[in-house]
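First the structure, in the form of structure tokens, and then the observations on it.
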Amino acid sequence: MEKTKKFIDLKTLILLINVFLIMGVLLGDICYISLGGLLTKGLTSGIFVLLGIANVVYIFVSKNKSIKFPLIMLTGLVFAMLGDIILNVEFIVGAILFAIGHVFYFVAYCFLAKFKWIDLLFGLAIFVPSLLFITLVPMFDFGGALMEIVCVVYALIISLMVGKALSNLVREKNLQNILILIGSILFFFSDLMLLLNVFGAMPKAVDVLCLATYYPAECILAFAILMHKDKTLNETKAVEKE
């Protein structure tokens, strides 16, 4: 009885921590949109990493049998934080850090549903129109071939990440996959807005949309780590039945 009560208390505590940290990220997002400042941006990014850390710790202390997915997701969050900070200083380096984060997200998604070649088809279905948009729309000014190549490669990586999230949901509909797909799509949309803002000279509203979707995306992906416990238990039951 005491163990059950302790587990319930721990679960309530981690949910309260999630609510508190998510509110912190959203508040930081509003402050950065309104006031700007690299320090504000760095602190806001740091909070969603703390959110990921809190959820990884919860999975660990709950004695979940698989810690790989949470740890890889957390690594993706860390690279996103680094990319978010560096992007304002050196765009290409920031983009590379973000891209590495997307690779970690993709790998993490493969722990939820084993990689299949159809995952790439979903990704390519997203990448092809993105490629055409980047290379054929005359409004973009990349200032040289190198930057355009960087944007194309980045578009490929994030498209594969979103495609894997979509493929996972098609294969198995559950709350974790729904959250991951929503977070991945918001991330993709945020980067699209960033592309329009930096290279398309679009109005301020586009920059606001970029920031207003990016931080919620990271919060959703960090929160999705918390869903992993139930997923692992379901997989264990399925193996026992077989």
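The way I read the labels, and the way they are meant: chains A, B, ... in the order of the structure tokens, residue 1 as the first residue of every chain, and ligand 1 as the first ligand shown, with later ones counted on from there.
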Which polymer residues have any atom within 6 Å of an atom of segment 204-206 of chain A, counting only C-alpha atoms, with same-chain residues fewer than 2 positions away left out, as an mmCIF file with C-alpha atoms, in the first residue's frame?
```
data_model
loop_
_atom_site.group_PDB
_atom_site.id
_atom_site.type_symbol
_atom_site.label_atom_id
_atom_site.label_comp_id
_atom_site.auth_asym_id
_atom_site.auth_seq_id
_atom_site.Cartn_x
_atom_site.Cartn_y
_atom_site.Cartn_z
ATOM 1 C CA MET A 193 8.921 30.155 -40.990
ATOM 2 C CA VAL A 208 6.667 35.417 -34.474
ATOM 3 C CA LEU A 209 5.115 32.279 -35.970
#
```
Residues within 8 Å of segment 81-95 of chain A, only C-alpha atoms, excluding chain neighbours under 2 positions, as a list in words |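 My list of contacting residues is Leu38, Lys41, Gly42, Ser45, Gly46, Val49, Leu77, Val78, Phe79, Leu97, Phe98, Ala99, Met147, Val150 and Tyr154 of chain A.
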Quiz item: So which residues touch Lys173 of chain A within 12 Å, counting only C-alpha atoms, skipping near sequence neighbours fewer than 6 positions away, as an MDAnalysis selection string?
Solution: chainID A and resid 112:113 165:167 179:181 231
Keeping only N, CA and C atoms, write those residues as a PDB file, in the first residue's frame.
```pdb
ATOM      1  N   LEU A 112      10.673   3.222 -30.990  1.00  0.00           N
ATOM      2  CA  LEU A 112       9.234   3.063 -30.780  1.00  0.00           C
ATOM      3  C   LEU A 112       8.622   2.129 -31.818  1.00  0.00           C
ATOM      4  N   ALA A 113       9.147   2.186 -33.033  1.00  0.00           N
ATOM      5  CA  ALA A 113       8.709   1.293 -34.104  1.00  0.00           C
ATOM      6  C   ALA A 113       9.920   1.010 -34.982  1.00  0.00           C
ATOM      7  N   ALA A 165       8.027   9.985 -37.823  1.00  0.00           N
ATOM      8  CA  ALA A 165       6.976  10.214 -36.832  1.00  0.00           C
ATOM      9  C   ALA A 165       5.604   9.877 -37.407  1.00  0.00           C
ATOM     10  N   LEU A 166       5.381  10.281 -38.659  1.00  0.00           N
ATOM     11  CA  LEU A 166       4.104  10.001 -39.326  1.00  0.00           C
ATOM     12  C   LEU A 166       3.941   8.504 -39.556  1.00  0.00           C
ATOM     13  N   SER A 167       4.995   7.861 -40.000  1.00  0.00           N
ATOM     14  CA  SER A 167       4.960   6.416 -40.240  1.00  0.00           C
ATOM     15  C   SER A 167       4.657   5.647 -38.962  1.00  0.00           C
ATOM     16  N   LEU A 179       1.616  12.684 -29.944  1.00  0.00           N
ATOM     17  CA  LEU A 179       2.381  13.819 -29.429  1.00  0.00           C
ATOM     18  C   LEU A 179       3.656  14.038 -30.229  1.00  0.00           C
ATOM     19  N   ILE A 180       4.347  12.951 -30.543  1.00  0.00           N
ATOM     20  CA  ILE A 180       5.602  13.059 -31.287  1.00  0.00           C
ATOM     21  C   ILE A 180       5.365  13.617 -32.683  1.00  0.00           C
ATOM     22  N   LEU A 181       4.281  13.187 -33.324  1.00  0.00           N
ATOM     23  CA  LEU A 181       3.981  13.715 -34.661  1.00  0.00           C
ATOM     24  C   LEU A 181       3.636  15.202 -34.587  1.00  0.00           C
ATOM     25  N   LYS A 231       4.361   2.524 -22.908  1.00  0.00           N
ATOM     26  CA  LYS A 231       4.703   1.880 -24.174  1.00  0.00           C
ATOM     27  C   LYS A 231       5.548   0.631 -23.935  1.00  0.00           C
TER      28      LYS A 231
END
```
Checklist entry - atom CA of Ala125 of chain A and atom CA of Met73 of chain A, how far apart in Å? => result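 Rounded to one decimal, the two atoms are 24.1 Å apart.
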For the atom pair atom CA of Asn18 of chain A and atom CA of Ser66 of chain A, what is the interatomic distance in Å to one decimal place?
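According to the coordinates, atom CA of Asn18 of chain A and atom CA of Ser66 of chain A are separated by 21.0 Å.
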Review point. Got a sec: who's within 10 Å of Phe69 of chain A, counting only C-alpha atoms, leaving out chain neighbours fewer than 2 positions off, as a list in words?
Key: Val56, Ser66, Ile67, Leu71, Ile72, Met73, Leu74, Thr75, Phe104, Tyr105, Val107, Ala108, Tyr109, Cys110, Phe111, Leu112, Ile225 and His228 of chain A
Q: Would you mind listing what lies within 8 Å of Tyr215 of chain A as a PyMOL selection string, with only C-alpha atoms counted and same-chain residues fewer than 4 positions away left out?
A: chain A and resi 25-26+29+45+48+211+219
Deliver the residues from the most recent selection as a file, using N, CA and C atoms, as a PDB file, in the first residue's frame.
```pdb
ATOM      1  N   VAL A  25       8.722  27.601 -20.151  1.00  0.00           N
ATOM      2  CA  VAL A  25       9.134  27.701 -21.554  1.00  0.00           C
ATOM      3  C   VAL A  25       8.230  28.671 -22.310  1.00  0.00           C
ATOM      4  N   LEU A  26       6.927  28.543 -22.110  1.00  0.00           N
ATOM      5  CA  LEU A  26       5.986  29.414 -22.812  1.00  0.00           C
ATOM      6  C   LEU A  26       6.151  30.874 -22.397  1.00  0.00           C
ATOM      7  N   ASP A  29       9.224  32.057 -24.045  1.00  0.00           N
ATOM      8  CA  ASP A  29       8.919  32.253 -25.466  1.00  0.00           C
ATOM      9  C   ASP A  29       8.295  33.628 -25.689  1.00  0.00           C
ATOM     10  N   SER A  45      15.474  27.833 -23.830  1.00  0.00           N
ATOM     11  CA  SER A  45      15.885  26.527 -24.369  1.00  0.00           C
ATOM     12  C   SER A  45      16.347  25.601 -23.246  1.00  0.00           C
ATOM     13  N   PHE A  48      13.423  23.699 -21.553  1.00  0.00           N
ATOM     14  CA  PHE A  48      12.859  22.482 -22.159  1.00  0.00           C
ATOM     15  C   PHE A  48      13.827  21.307 -22.057  1.00  0.00           C
ATOM     16  N   LEU A 211       8.825  31.392 -33.724  1.00  0.00           N
ATOM     17  CA  LEU A 211       9.086  31.233 -32.288  1.00  0.00           C
ATOM     18  C   LEU A 211       7.881  30.675 -31.540  1.00  0.00           C
ATOM     19  N   CYS A 219       8.632  21.389 -26.206  1.00  0.00           N
ATOM     20  CA  CYS A 219       7.930  20.974 -24.983  1.00  0.00           C
ATOM     21  C   CYS A 219       7.162  19.678 -25.206  1.00  0.00           C
TER      22      CYS A 219
END
```
Review point. Which residues come within 10 Å of Phe187 of chain A, counting only C-alpha atoms, excluding same-chain residues fewer than 2 positions away, as a VMD selection string?
Key: chain A and resid 102 158 162 181 to 185 189 to 193 210 to 211 213 to 218 221
Shortest contact to Asp9 of chain A, candidates A:Pro70, A:Phe106, A:Tyr58, A:Leu169, atoms counted only C-alpha atoms, goes to A:Tyr58
**Request:** Tell me, as a PyMOL selection string, which residues lie within 7 Å of segment 126-136 of chain A, counting only C-alpha atoms; anything in the same chain fewer than 4 positions away does not count.
**Result:** chain A and resi 122+152+155-156+159+163
How about saving the chosen residues, N, CA and C atoms kept, as a PDB file, in the first residue's frame?
```pdb
ATOM      1  N   PHE A 122       7.777   8.029 -46.519  1.00  0.00           N
ATOM      2  CA  PHE A 122       7.044   9.117 -45.862  1.00  0.00           C
ATOM      3  C   PHE A 122       7.915  10.374 -45.820  1.00  0.00           C
ATOM      4  N   VAL A 152      19.036  22.754 -48.073  1.00  0.00           N
ATOM      5  CA  VAL A 152      18.481  21.559 -48.720  1.00  0.00           C
ATOM      6  C   VAL A 152      18.783  20.308 -47.891  1.00  0.00           C
ATOM      7  N   ALA A 155      16.698  20.353 -44.849  1.00  0.00           N
ATOM      8  CA  ALA A 155      15.315  20.013 -45.188  1.00  0.00           C
ATOM      9  C   ALA A 155      15.149  18.499 -45.328  1.00  0.00           C
ATOM     10  N   LEU A 156      16.160  17.833 -45.900  1.00  0.00           N
ATOM     11  CA  LEU A 156      16.111  16.372 -46.051  1.00  0.00           C
ATOM     12  C   LEU A 156      16.076  15.696 -44.685  1.00  0.00           C
ATOM     13  N   SER A 159      12.822  16.363 -42.813  1.00  0.00           N
ATOM     14  CA  SER A 159      11.722  15.674 -43.504  1.00  0.00           C
ATOM     15  C   SER A 159      11.706  14.194 -43.144  1.00  0.00           C
ATOM     16  N   GLY A 163       8.773  12.351 -41.297  1.00  0.00           N
ATOM     17  CA  GLY A 163       8.238  11.181 -41.989  1.00  0.00           C
ATOM     18  C   GLY A 163       8.214   9.949 -41.110  1.00  0.00           C
TER      19      GLY A 163
END
```
Here atom CA of Ala201 of chain A and atom CA of Gly143 of chain A stand apart by 12.6 Å
